[in-house]
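Have a look at protein38.pdb; it's PDB, C-alpha atoms and all ligand atoms:
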ATOM      1  CA  MET A   5     -11.093  -9.225   4.320
ATOM      2  CA  ARG A   6      -8.083  -9.192   2.034
ATOM      3  CA  THR A   7      -4.600  -7.909   2.697
ATOM      4  CA  ILE A   8      -2.000  -6.772   0.190
ATOM      5  CA  THR A   9       1.627  -5.791   0.878
ATOM      6  CA  LEU A  10       3.667  -3.698  -1.543
ATOM      7  CA  CYS A  11       7.388  -4.172  -1.151
ATOM      8  CA  SER A  12      10.578  -3.936  -3.196
ATOM      9  CA  GLY A  13      14.276  -4.620  -3.117
ATOM     10  CA  LYS A  14      15.234  -1.216  -4.449
ATOM     11  CA  GLY A  15      13.694   2.119  -3.468
ATOM     12  CA  GLY A  16      11.862   4.660  -5.634
ATOM     13  CA  VAL A  17      10.128   2.037  -7.756
ATOM     14  CA  GLY A  18       6.585   3.349  -7.139
ATOM     15  CA  LYS A  19       5.289   1.397  -4.109
ATOM     16  CA  THR A  20       3.672   4.411  -2.456
ATOM     17  CA  LEU A  21       2.053   5.698  -5.632
ATOM     18  CA  LEU A  22       0.772   2.230  -6.550
ATOM     19  CA  ALA A  23      -0.439   1.481  -2.999
ATOM     20  CA  THR A  24      -2.412   4.736  -2.885
ATOM     21  CA  SER A  25      -3.788   4.285  -6.391
ATOM     22  CA  LEU A  26      -4.835   0.702  -5.668
ATOM     23  CA  GLY A  27      -6.456   1.837  -2.411
ATOM     24  CA  ARG A  28      -8.544   4.361  -4.304
ATOM     25  CA  ILE A  29      -9.383   1.929  -7.098
ATOM     26  CA  ILE A  30     -10.471  -0.820  -4.710
ATOM     27  CA  GLN A  31     -12.529   1.576  -2.589
ATOM     28  CA  ARG A  32     -14.260   2.857  -5.698
ATOM     29  CA  GLN A  33     -14.827  -0.451  -7.443
ATOM     30  CA  GLU A  34     -15.777  -2.524  -4.419
ATOM     31  CA  LYS A  35     -17.516   0.332  -2.557
ATOM     32  CA  CYS A  36     -15.847  -0.704   0.685
ATOM     33  CA  ASN A  37     -13.544   0.577   3.409
ATOM     34  CA  VAL A  38      -9.826   0.343   2.645
ATOM     35  CA  LEU A  39      -7.113   0.762   5.273
ATOM     36  CA  LEU A  40      -3.726   1.921   3.952
ATOM     37  CA  VAL A  41      -0.846   1.557   6.400
ATOM     38  CA  ASP A  42       2.477   3.399   6.087
ATOM     39  CA  LEU A  43       5.110   0.918   7.255
ATOM     40  CA  ASP A  44       7.969   2.933   5.774
ATOM     41  CA  LEU A  45       9.182   4.492   9.015
ATOM     42  CA  SER A  46      12.180   5.998   7.294
ATOM     43  CA  VAL A  47      10.914   7.790   4.190
ATOM     44  CA  ARG A  48       7.208   7.817   5.233
ATOM     45  CA  GLY A  49       6.146   8.697   1.711
ATOM     46  CA  LEU A  50       2.507   7.731   2.260
ATOM     47  CA  THR A  51       2.269   9.846   5.408
ATOM     48  CA  LEU A  52       3.734  12.883   3.666
ATOM     49  CA  LEU A  53       1.445  12.352   0.694
ATOM     50  CA  ALA A  54      -1.739  11.961   2.710
ATOM     51  CA  PHE A  55      -1.194  14.407   5.582
ATOM     52  CA  GLN A  56      -0.096  17.722   4.140
ATOM     53  CA  ASN A  57      -1.425  19.697   7.080
ATOM     54  CA  LYS A  58       1.260  19.391   9.773
ATOM     55  CA  TYR A  59      -1.039  20.586  12.542
ATOM     56  CA  GLU A  60      -3.622  17.988  11.595
ATOM     57  CA  LEU A  61      -1.033  15.212  11.481
ATOM     58  CA  ASP A  62       0.286  16.211  14.872
ATOM     59  CA  GLN A  63      -3.212  15.865  16.376
ATOM     60  CA  LEU A  64      -3.677  12.237  15.382
ATOM     61  CA  PRO A  65      -3.518   9.945  18.420
ATOM     62  CA  PHE A  66      -1.714   7.000  16.816
ATOM     63  CA  SER A  67       1.268   6.342  14.584
ATOM     64  CA  LEU A  68       3.221   3.180  13.860
ATOM     65  CA  THR A  69       6.473   4.729  15.105
ATOM     66  CA  ASP A  70       4.911   5.519  18.506
ATOM     67  CA  TYR A  71       3.409   2.067  18.644
ATOM     68  CA  PHE A  72       6.659   0.244  17.905
ATOM     69  CA  TYR A  73       8.600   2.344  20.389
ATOM     70  CA  LEU A  74       6.314   1.402  23.268
ATOM     71  CA  GLU A  75       6.867  -1.502  25.608
ATOM     72  CA  ASP A  76       4.203  -4.201  25.440
ATOM     73  CA  GLY A  77       2.448  -3.054  28.600
ATOM     74  CA  ASP A  78       1.871   0.478  27.271
ATOM     75  CA  GLN A  79       0.430  -0.499  23.915
ATOM     76  CA  PRO A  80      -3.228  -1.023  24.894
ATOM     77  CA  GLU A  81      -3.676   2.670  25.660
ATOM     78  CA  LEU A  82      -2.349   3.685  22.275
ATOM     79  CA  LEU A  83      -4.459   1.072  20.516
ATOM     80  CA  HIS A  84      -7.469   2.365  22.369
ATOM     81  CA  ALA A  85      -6.699   5.854  21.048
ATOM     82  CA  LEU A  86      -6.489   4.409  17.532
ATOM     83  CA  HIS A  87      -9.842   2.701  17.998
ATOM     84  CA  LYS A  88     -11.464   5.964  19.064
ATOM     85  CA  GLY A  89      -9.871   7.825  16.176
ATOM     86  CA  LEU A  90     -11.018   5.297  13.596
ATOM     87  CA  VAL A  91     -14.538   4.938  14.912
ATOM     88  CA  GLN A  92     -15.033   8.714  15.151
ATOM     89  CA  ASN A  93     -13.897   9.159  11.611
ATOM     90  CA  ASN A  94     -15.893   6.377  10.034
ATOM     91  CA  SER A  95     -18.418   8.042   7.751
ATOM     92  CA  ASN A  96     -19.585   4.533   6.857
ATOM     93  CA  GLY A  97     -19.893   4.248   3.172
ATOM     94  CA  GLU A  98     -21.403   7.433   1.824
ATOM     95  CA  GLU A  99     -20.907   7.222  -1.868
ATOM     96  CA  SER A 100     -19.739  10.750  -2.507
ATOM     97  CA  GLN A 101     -16.151  11.010  -3.659
ATOM     98  CA  GLU A 102     -15.763  14.504  -2.229
ATOM     99  CA  ILE A 103     -12.331  15.008  -0.883
ATOM    100  CA  THR A 104     -12.313  14.670   2.900
ATOM    101  CA  VAL A 105      -8.826  16.126   3.165
ATOM    102  CA  GLN A 106     -10.012  19.549   2.180
ATOM    103  CA  ALA A 107     -13.511  19.371   3.604
ATOM    104  CA  THR A 108     -12.288  18.743   7.131
ATOM    105  CA  ALA A 109      -9.089  20.780   7.189
ATOM    106  CA  GLY A 110      -8.271  21.424  10.831
ATOM    107  CA  SER A 111     -10.110  18.434  12.252
ATOM    108  CA  PRO A 112      -7.764  15.474  12.382
ATOM    109  CA  THR A 113      -8.917  12.358  10.617
ATOM    110  CA  TYR A 114      -7.498   9.084   9.374
ATOM    111  CA  GLU A 115     -10.155   9.022   6.660
ATOM    112  CA  ARG A 116      -8.536  10.898   3.792
ATOM    113  CA  LEU A 117     -11.289  10.142   1.283
ATOM    114  CA  ASP A 118     -14.635   8.502   1.892
ATOM    115  CA  GLY A 119     -13.850   4.901   2.758
ATOM    116  CA  LEU A 120     -10.071   5.359   2.449
ATOM    117  CA  PHE A 121      -8.309   5.345   5.830
ATOM    118  CA  ILE A 122      -4.585   6.012   6.112
ATOM    119  CA  ILE A 123      -2.493   5.198   9.182
ATOM    120  CA  PRO A 124       0.651   7.367   9.328
ATOM    121  CA  SER A 125       4.081   5.994  10.114
ATOM    122  CA  SER A 126       4.792   8.996  12.295
ATOM    123  CA  THR A 127       2.885  12.055  13.433
ATOM    124  CA  GLU A 128       5.947  14.184  14.061
ATOM    125  CA  ASN A 129       6.677  17.074  11.743
ATOM    126  CA  GLU A 130      10.350  16.326  11.721
ATOM    127  CA  ARG A 131      11.622  13.014  10.508
ATOM    128  CA  PRO A 132      11.608  10.830  13.639
ATOM    129  CA  ASP A 133      14.660   8.996  14.891
ATOM    130  CA  TRP A 134      13.685   5.563  13.705
ATOM    131  CA  THR A 135      17.160   4.036  13.876
ATOM    132  CA  PRO A 136      16.368   1.966  16.991
ATOM    133  CA  LEU A 137      13.424   0.508  15.063
ATOM    134  CA  HIS A 138      15.603  -0.423  12.130
ATOM    135  CA  HIS A 139      16.866  -3.477  13.934
ATOM    136  CA  LEU A 140      13.558  -4.725  15.240
ATOM    137  CA  GLU A 141      13.715  -8.401  15.944
ATOM    138  CA  LEU A 142      11.604 -10.291  13.396
ATOM    139  CA  ASN A 143       9.492 -12.460  15.719
ATOM    140  CA  GLU A 144       8.711  -9.533  17.966
ATOM    141  CA  THR A 145       7.791  -7.402  14.963
ATOM    142  CA  ILE A 146       5.478 -10.077  13.581
ATOM    143  CA  ASP A 147       3.801 -10.275  16.957
ATOM    144  CA  LYS A 148       3.412  -6.508  17.407
ATOM    145  CA  LEU A 149       2.274  -5.825  13.859
ATOM    146  CA  GLY A 150      -0.208  -8.683  14.171
ATOM    147  CA  LYS A 151      -1.716  -7.081  17.282
ATOM    148  CA  PHE A 152      -2.020  -3.721  15.543
ATOM    149  CA  TYR A 153      -3.619  -5.402  12.529
ATOM    150  CA  GLU A 154      -6.153  -7.293  14.614
ATOM    151  CA  PHE A 155      -6.995  -4.200  16.574
ATOM    152  CA  ALA A 156      -7.370  -1.877  13.601
ATOM    153  CA  THR A 157      -9.467  -4.325  11.608
ATOM    154  CA  SER A 158     -11.760  -5.036  14.527
ATOM    155  CA  SER A 159     -12.189  -1.316  15.247
ATOM    156  CA  LEU A 160     -13.351  -0.537  11.754
ATOM    157  CA  PRO A 161     -15.214  -2.654   9.214
ATOM    158  CA  VAL A 162     -12.463  -2.883   6.592
ATOM    159  CA  ASP A 163     -12.545  -5.062   3.535
ATOM    160  CA  TYR A 164      -8.998  -4.428   2.377
ATOM    161  CA  VAL A 165      -5.757  -3.635   4.177
ATOM    162  CA  ILE A 166      -2.821  -2.393   2.100
ATOM    163  CA  PHE A 167       0.667  -2.184   3.616
ATOM    164  CA  ASP A 168       3.099   0.247   1.981
ATOM    165  CA  THR A 169       6.594  -0.754   3.099
ATOM    166  CA  GLN A 170      10.188   0.357   3.069
ATOM    167  CA  ALA A 171      12.525  -0.780   0.297
ATOM    168  CA  GLY A 172      14.896  -3.609   1.091
ATOM    169  CA  LEU A 173      12.729  -5.941   3.195
ATOM    170  CA  GLY A 174      13.362  -4.986   6.808
ATOM    171  CA  SER A 175      11.604  -6.884   9.563
ATOM    172  CA  LEU A 176       8.493  -4.676   9.288
ATOM    173  CA  SER A 177       8.112  -5.458   5.591
ATOM    174  CA  LEU A 178       8.636  -9.159   6.210
ATOM    175  CA  ALA A 179       6.144  -9.081   9.083
ATOM    176  CA  ALA A 180       3.579  -7.463   6.755
ATOM    177  CA  THR A 181       3.955 -10.323   4.273
ATOM    178  CA  THR A 182       3.008 -12.825   6.984
ATOM    179  CA  LEU A 183      -0.356 -11.044   7.360
ATOM    180  CA  SER A 184      -1.000 -10.757   3.620
ATOM    181  CA  ASP A 185      -2.932 -12.722   1.076
ATOM    182  CA  MET A 186      -0.833 -11.187  -1.640
ATOM    183  CA  ASN A 187       2.576  -9.518  -1.843
ATOM    184  CA  LEU A 188       3.330  -7.238  -4.758
ATOM    185  CA  ILE A 189       7.067  -6.997  -5.319
ATOM    186  CA  VAL A 190       7.459  -3.793  -7.304
ATOM    187  CA  LEU A 191      10.424  -3.412  -9.650
ATOM    188  CA  GLU A 192      11.718  -1.167 -12.393
ATOM    189  CA  GLU A 193      13.598  -2.002 -15.569
ATOM    190  CA  ASP A 194      16.942  -1.858 -13.854
ATOM    191  CA  ASP A 195      19.363  -4.651 -13.096
ATOM    192  CA  ILE A 196      19.644  -3.988  -9.361
ATOM    193  CA  SER A 197      15.898  -3.653  -9.042
ATOM    194  CA  TRP A 198      15.329  -7.024 -10.758
ATOM    195  CA  ARG A 199      17.969  -8.866  -8.784
ATOM    196  CA  THR A 200      16.830  -7.507  -5.435
ATOM    197  CA  ALA A 201      13.207  -8.264  -6.350
ATOM    198  CA  LEU A 202      14.127 -11.882  -6.959
ATOM    199  CA  ASN A 203      15.879 -12.058  -3.589
ATOM    200  CA  ALA A 204      12.833 -10.502  -1.946
ATOM    201  CA  PHE A 205      10.582 -13.088  -3.565
ATOM    202  CA  MET A 206      12.700 -15.920  -2.188
ATOM    203  CA  GLU A 207      13.072 -14.411   1.272
ATOM    204  CA  ILE A 208       9.316 -13.852   1.575
ATOM    205  CA  SER A 209       8.566 -17.396   0.369
ATOM    206  CA  THR A 210      11.015 -18.973   2.805
ATOM    207  CA  LEU A 211       9.612 -17.059   5.782
ATOM    208  CA  ASN A 212       5.984 -17.673   4.900
ATOM    209  CA  LYS A 213       6.620 -21.345   4.277
ATOM    210  CA  ARG A 214       8.370 -21.663   7.642
ATOM    211  CA  LEU A 215       5.444 -19.981   9.403
ATOM    212  CA  GLN A 216       2.931 -21.910   7.291
ATOM    213  CA  ARG A 217       1.318 -18.736   5.997
ATOM    214  CA  LYS A 218      -0.407 -18.790   2.660
ATOM    215  CA  SER A 219       0.528 -15.467   1.098
ATOM    216  CA  HIS A 220       1.333 -15.422  -2.613
ATOM    217  CA  SER A 221       3.899 -13.132  -4.195
ATOM    218  CA  TYR A 222       3.775 -11.487  -7.606
ATOM    219  CA  PHE A 223       6.173  -9.214  -9.431
ATOM    220  CA  LEU A 224       4.797  -5.876 -10.543
ATOM    221  CA  ALA A 225       7.008  -4.077 -13.060
ATOM    222  CA  ASN A 226       6.481  -0.311 -13.032
ATOM    223  CA  LYS A 227       7.701   2.570 -15.220
ATOM    224  CA  VAL A 228       8.230   0.129 -18.057
ATOM    225  CA  SER A 229       9.158   0.996 -21.628
ATOM    226  CA  SER A 230       7.153  -0.007 -24.666
ATOM    227  CA  SER A 231       9.603  -2.796 -25.462
ATOM    228  CA  MET A 232       8.960  -4.396 -22.097
ATOM    229  CA  LEU A 233       5.208  -3.937 -22.542
ATOM    230  CA  ASP A 234       5.548  -5.949 -25.741
ATOM    231  CA  ALA A 235       7.481  -8.706 -23.968
ATOM    232  CA  ALA A 236       5.273  -8.765 -20.894
ATOM    233  CA  ASP A 237       3.083 -11.667 -21.954
ATOM    234  CA  LYS A 238       6.115 -13.953 -21.672
ATOM    235  CA  LEU A 239       6.631 -12.855 -18.065
ATOM    236  CA  LYS A 240       3.106 -13.862 -17.081
ATOM    237  CA  ALA A 241       4.328 -17.421 -16.551
ATOM    238  CA  PHE A 242       6.856 -16.162 -13.994
ATOM    239  CA  SER A 243       4.362 -14.663 -11.529
ATOM    240  CA  PHE A 244       4.324 -11.228 -13.147
ATOM    241  CA  LEU A 245       1.252  -9.019 -13.046
ATOM    242  CA  PRO A 246       0.486  -6.751 -16.012
ATOM    243  CA  PRO A 247       3.213  -4.080 -16.040
ATOM    244  CA  VAL A 248       2.547  -0.367 -15.589
ATOM    245  CA  PRO A 249       4.006   1.903 -18.311
ATOM    246  CA  PHE A 250       6.315   4.804 -17.598
ATOM    247  CA  ASP A 251       4.163   7.927 -17.340
ATOM    248  CA  ALA A 252       5.898  11.296 -17.617
ATOM    249  CA  TRP A 253       2.788  13.107 -16.355
ATOM    250  CA  VAL A 254       2.738  11.203 -13.062
ATOM    251  CA  GLN A 255       6.461  11.702 -12.583
ATOM    252  CA  LYS A 256       6.031  15.455 -12.986
ATOM    253  CA  LEU A 257       3.061  15.389 -10.637
ATOM    254  CA  PHE A 258       5.119  13.806  -7.855
ATOM    255  CA  ALA A 259       7.793  16.420  -8.328
ATOM    256  CA  HIS A 260       5.293  19.127  -7.358
ATOM    257  CA  ALA A 261       2.369  17.952  -5.260
ATOM    258  CA  THR A 262       1.879  14.345  -4.191
ATOM    259  CA  ILE A 263      -1.506  15.197  -2.612
ATOM    260  CA  THR A 264      -2.935  15.265  -6.144
ATOM    261  CA  VAL A 265      -3.015  11.469  -5.954
ATOM    262  CA  LEU A 266      -5.889  11.842  -3.466
ATOM    263  CA  GLU A 267      -7.768  14.460  -5.449
ATOM    264  CA  ASN A 268     -10.734  13.941  -7.724
ATOM    265  CA  GLY A 269      -8.972  14.638 -11.010
ATOM    266  CA  PHE A 270      -6.469  11.821 -10.470
ATOM    267  CA  GLU A 271      -9.159   9.262 -11.247
ATOM    268  CA  GLY A 272      -9.382  10.633 -14.758
ATOM    269  CA  SER A 273      -5.638  10.356 -15.361
ATOM    270  CA  ASP A 274      -4.128   7.890 -17.756
ATOM    271  CA  PHE A 275      -1.993   6.430 -14.948
ATOM    272  CA  PHE A 276      -5.026   5.725 -12.734
ATOM    273  CA  LYS A 277      -6.868   4.111 -15.625
ATOM    274  CA  GLN A 278      -3.859   1.966 -16.507
ATOM    275  CA  VAL A 279      -3.548   0.658 -12.949
ATOM    276  CA  GLU A 280      -7.306   0.107 -12.752
ATOM    277  CA  SER A 281      -7.761  -1.663 -16.073
ATOM    278  CA  ARG A 282      -4.557  -3.718 -15.999
ATOM    279  CA  VAL A 283      -3.319  -4.332 -12.474
ATOM    280  CA  TRP A 284      -6.566  -4.310 -10.506
ATOM    281  CA  GLN A 285      -8.354  -6.264 -13.207
ATOM    282  CA  GLU A 286      -5.859  -9.111 -12.793
ATOM    283  CA  LEU A 287      -5.509  -8.818  -9.007
ATOM    284  CA  ALA A 288      -9.275  -9.002  -8.576
ATOM    285  CA  VAL A 289      -9.335 -12.282 -10.495
ATOM    286  CA  ILE A 290      -6.469 -13.713  -8.438
ATOM    287  CA  LEU A 291      -8.146 -12.601  -5.204
ATOM    288  CA  GLY A 292     -11.386 -14.177  -6.367
ATOM    289  CA  VAL A 293     -13.504 -11.022  -6.315
ATOM    290  CA  ARG A 294     -13.961 -10.886 -10.103
ATOM    291  CA  GLN A 295     -14.246 -13.400 -12.893
ATOM    292  CA  ARG A 296     -11.778 -13.381 -15.698
ATOM    293  CA  ALA A 297     -12.995 -11.476 -18.741
ATOM    294  CA  THR A 298     -13.958 -13.717 -21.637
ATOM    295  CA  GLU A 299     -11.611 -14.252 -24.549
ATOM    296  CA  ASN A 300     -13.678 -11.901 -26.707
ATOM    297  CA  SER A 301     -13.382  -9.077 -24.264
ATOM    298  CA  PRO A 302     -10.723  -6.483 -25.072
ATOM    299  CA  ARG A 303      -9.612  -6.692 -21.436
ATOM    300  CA  SER A 304      -8.478 -10.294 -21.780
ATOM    301  CA  SER A 305      -5.331  -9.114 -23.553
ATOM    302  CA  TRP A 306      -4.245  -7.190 -20.465
ATOM    303  CA  TRP A 307      -0.525  -7.369 -21.086
ATOM    304  CA  ARG A 308      -0.734  -5.180 -24.127
ATOM    305  CA  GLY A 309      -3.036  -2.656 -22.504
TER     306      GLY A 309
HETATM  307  N1  LIG B 401       4.613   4.572 -13.800
HETATM  308  C1  LIG B 401       5.381   5.613 -13.468
HETATM  309  N2  LIG B 401       5.842   6.478 -14.427
HETATM  310  C2  LIG B 401       6.642   7.509 -14.102
HETATM  311  N3  LIG B 401       7.032   7.801 -12.859
HETATM  312  C3  LIG B 401       6.600   7.002 -11.854
HETATM  313  C4  LIG B 401       5.763   5.875 -12.109
HETATM  314  N4  LIG B 401       5.506   5.266 -10.916
HETATM  315  C5  LIG B 401       6.159   5.984  -9.974
HETATM  316  N5  LIG B 401       6.818   7.026 -10.524
HETATM  317  C6  LIG B 401       7.669   8.020  -9.844
HETATM  318  O1  LIG B 401       8.674   7.351  -9.116
HETATM  319  C7  LIG B 401       8.996   8.086  -7.949
HETATM  320  C8  LIG B 401       8.977   7.190  -6.728
HETATM  321  O2  LIG B 401       7.652   6.776  -6.459
HETATM  322  P1  LIG B 401       7.235   6.261  -5.008
HETATM  323  O3  LIG B 401       5.817   5.805  -5.100
HETATM  324  O4  LIG B 401       7.578   7.274  -3.978
HETATM  325  O5  LIG B 401       8.224   5.012  -4.878
HETATM  326  P2  LIG B 401       8.612   4.143  -3.580
HETATM  327  O6  LIG B 401       7.467   4.250  -2.633
HETATM  328  O7  LIG B 401       8.807   2.766  -4.112
HETATM  329  O8  LIG B 401       9.865   4.721  -3.046
HETATM  330  C9  LIG B 401       7.997   9.234  -7.874
HETATM  331  O9  LIG B 401       8.603  10.386  -8.344
HETATM  332  C10 LIG B 401       6.895   8.796  -8.805
HETATM  333  O10 LIG B 401       6.199   9.840  -9.411
HETATM  334 MG    MG B 402       7.388   4.847  -0.619
END
What's the structure tokens form of this structure?
Ligand SMILES: Nc1ncnc2c1ncn2[C@@H]1O[C@H](COP(=O)(O)OP(=O)(O)O)[C@@H](O)[C@H]1O
Ligand SMILES: [Mg+2]
Amino acid sequence: MRTITLCSGKGGVGKTLLATSLGRIIQRQEKCNVLLVDLDLSVRGLTLLAFQNKYELDQLPFSLTDYFYLEDGDQPELLHALHKGLVQNNSNGEESQEITVQATAGSPTYERLDGLFIIPSSTENERPDWTPLHHLELNETIDKLGKFYEFATSSLPVDYVIFDTQAGLGSLSLAATTLSDMNLIVLEEDDISWRTALNAFMEISTLNKRLQRKSHSYFLANKVSSSMLDAADKLKAFSFLPPVPFDAWVQKLFAHATITVLENGFEGSDFFKQVESRVWQELAVILGVRQRATENSPRSSWWRG
């Protein structure tokens, strides 16, 4: 099993869109179960994207907000409910890419597409009061998130876990990095975004070194201009993954209906193909699930797309 955390210093850089796209790409390419977890208790972008039906969301037995609010002694019951929910919903690897969201409208499920499971940050229709959770103590958060992680991944045969986090590295985001093989620090071409990404990189490294965890961090520049695409090969030496170009179509899409990211047509979009052929191509090599393309292959020059 492999675990990836998407985080950032600054908000709005594309973590949720990239996490969801990568989840779909990995599920499709590796034909496996992928668990996407919404750790952004404040904005809960992934939850809003994946659970458009408020009634359906309300019926789900488990959310991260509920889990983190509970005292230790009350958690097993909630985890048990999660286990039941995940096991019930596991269609176990049918290859059809039919959209589960629409097919099962009305019956609550964590499985939003075949093999793609999404755990919501909150099941309430209104934005929950998460302020008490904002100051979660780091060691306690690492412990609690670790228990959730162990429980979820032993309830369901998952090959990949992807954490989508809140901007600015709160204790939940930091805790996620301690469970990860790889942290993707997403940034835009913007001074504040770059500087906060660098701080995030250092903070994550210091924590993981102290706890003797082996996660590796990479920068992932998103929404980049053609001039940065041209310069991107130089950044490779500084732990940068292939950058993702600015895409006006995807920006417009998010302005109207984020659910489209889980629909069939999204796989044919230029954005999806860019993330698949550039980012996943490189990530898969780093994670050891693919071999690097040979020098003669057009894919070896990933940084120019
Ligand atoms: N490559 C891209 N090109 C254009 N717009 C993008 C790109 N990636 C993300 N966006 C837009 O940026 C906004 C924030 O994306 P989101 O995934 O919610 O970011 P975050 O989770 O980091 O806050 C959305 O409107 C989204 O459509
Ligand atoms: Mg987000």
Query raised in the report: Separation of CA of Leu142 (chain A) and CA of His84 (chain A), in Å?
Result: 24.6 Å
Requested in this report: Identify all residues satisfying the PyMOL selection byres (((not hetatm)) within 7 of (chain B and resi 402)) in the given file; provide them as a ChimeraX atom specification.
Outcome: /A:16,18-20,44,47-50,168-170
Query raised in the report: Counting all atoms listed in the file, which of A:Pro249, A:Gly292, A:Gly272, A:Gly27 gets nearest to ligand LIG 401 (chain B)?
Result: A:Pro249
For chain A versus ligand LIG 401 (chain B), which residues have an atom no more than 6 Å away, and what is each residue's nearest atom pair and distance in Å rounded to one decimal, using only C-alpha atoms and all ligand atoms, chain-then-number order, as CSV?
residue,atom,partner,partner_atom,distance
A:Gly15,CA,B:LIG401,O8,4.6
A:Gly16,CA,B:LIG401,O8,3.3
A:Val17,CA,B:LIG401,O7,3.9
A:Gly18,CA,B:LIG401,O5,3.3
A:Lys19,CA,B:LIG401,O7,3.8
A:Thr20,CA,B:LIG401,O3,3.7
A:Leu21,CA,B:LIG401,O3,3.8
A:Asn226,CA,B:LIG401,N1,5.3
A:Lys227,CA,B:LIG401,N1,3.9
A:Val248,CA,B:LIG401,N1,5.6
A:Pro249,CA,B:LIG401,N1,5.3
A:Phe250,CA,B:LIG401,N2,3.6
A:Asp251,CA,B:LIG401,N2,3.7
A:Ala252,CA,B:LIG401,C2,5.2
A:Val254,CA,B:LIG401,O10,5.2
A:Gln255,CA,B:LIG401,O10,3.7
A:Phe258,CA,B:LIG401,O10,4.4
Would you save the residues from that selection as a JSON list (two decimals), in the coordinates of the input, using C-alpha atoms?
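For reference, result_33.json as written:
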[["chain", "number", "residue", "atom", "x", "y", "z"],
["A", 15, "GLY", "CA", 13.69, 2.12, -3.47],
["A", 16, "GLY", "CA", 11.86, 4.66, -5.63],
["A", 17, "VAL", "CA", 10.13, 2.04, -7.76],
["A", 18, "GLY", "CA", 6.58, 3.35, -7.14],
["A", 19, "LYS", "CA", 5.29, 1.40, -4.11],
["A", 20, "THR", "CA", 3.67, 4.41, -2.46],
["A", 21, "LEU", "CA", 2.05, 5.70, -5.63],
["A", 226, "ASN", "CA", 6.48, -0.31, -13.03],
["A", 227, "LYS", "CA", 7.70, 2.57, -15.22],
["A", 248, "VAL", "CA", 2.55, -0.37, -15.59],
["A", 249, "PRO", "CA", 4.01, 1.90, -18.31],
["A", 250, "PHE", "CA", 6.32, 4.80, -17.60],
["A", 251, "ASP", "CA", 4.16, 7.93, -17.34],
["A", 252, "ALA", "CA", 5.90, 11.30, -17.62],
["A", 254, "VAL", "CA", 2.74, 11.20, -13.06],
["A", 255, "GLN", "CA", 6.46, 11.70, -12.58],
["A", 258, "PHE", "CA", 5.12, 13.81, -7.86]]
Report task. Check which residues satisfy the PyMOL selection byres (((chain A and resi 25) around 12) and not hetatm) in the file shown, then give them as an MDAnalysis selection string. Result -> chainID A and resid 10 18:24 26:32 38 40 50 53 120 166 168 254 262:268 270:280 283:284
Query - Separation of CA of Ser177 (chain A) from CA of Ile146 (chain A), in Å and rounded to one decimal - result: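 Distance reported for this atom pair: 9.6 Å.
Those residues returned by the PyMOL selection byres (((chain A and resi 171) around 8) and not hetatm) for this file are Cys11, Ser12, Gly13, Lys14, Gly15, Thr169, Gln170, Gly172, Leu173 and Gly174 of chain A.
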Query raised in the report: Quick one, how far is CA of Pro124 (chain A) from CA of Glu60 (chain A)?
Result: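 About the pair CA of Pro124 (chain A) and CA of Glu60 (chain A): they are 11.7 Å apart.
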**Report entry** Contacts of Asp62 (chain A) within 9 Å, all atoms listed in the file, excl. fewer than 5 positions in-chain, as a list in words
**Finding:**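 Skipping anything fewer than 5 positions along the chain leaves Asn57, Pro112, Ser126, Thr127, Glu128 and Asn129 of chain A.
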Requested in this report: Point out the residue among A:Leu39, A:Thr9, A:Asn143, A:Leu149 with the least atom-to-atom distance to Ile189 (chain A), counting only C-alpha atoms.
Outcome: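 Answer, going by the shortest atom-to-atom distance: A:Thr9.
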Requested in this report: Point out the residue among A:Leu211, A:Leu90, A:Val41, A:Ile123 with the least atom-to-atom distance to Leu61 (chain A), counting only C-alpha atoms.
Outcome: A:Ile123
Requested in this report: Compile the contact shell of region 66-70 of chain A as a PyMOL selection string: residues with an atom at most 9 Å away, counting only C-alpha atoms, same-chain residues fewer than 4 positions apart removed.
Outcome: chain A and resi 41-43+45+74+82-83+85-86+89+123-127+132+134+137+152
Can you report as AutoDock Vina command-line options the centre and edge lengths in Å, to one decimal, of an axis-aligned box around the listed atoms of region 229-239 of chain A padded with 5 Å on each side?
--center_x 6.3 --center_y -6.5 --center_z -21.9 --size_x 16.5 --size_y 24.9 --size_z 17.7
Requested in this report: Determine the nearest neighbour of Thr182 (chain A) from the options A:Ser159, A:Ser243, A:Ser197, A:Ser221, counting all atoms listed in the file.
Outcome: A:Ser221
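With all atoms listed in the file as the atoms that count, the residue of A:Ser230, A:Ala179, A:Thr113, A:Glu154 with the shortest distance to Leu215 (chain A) is A:Ala179.
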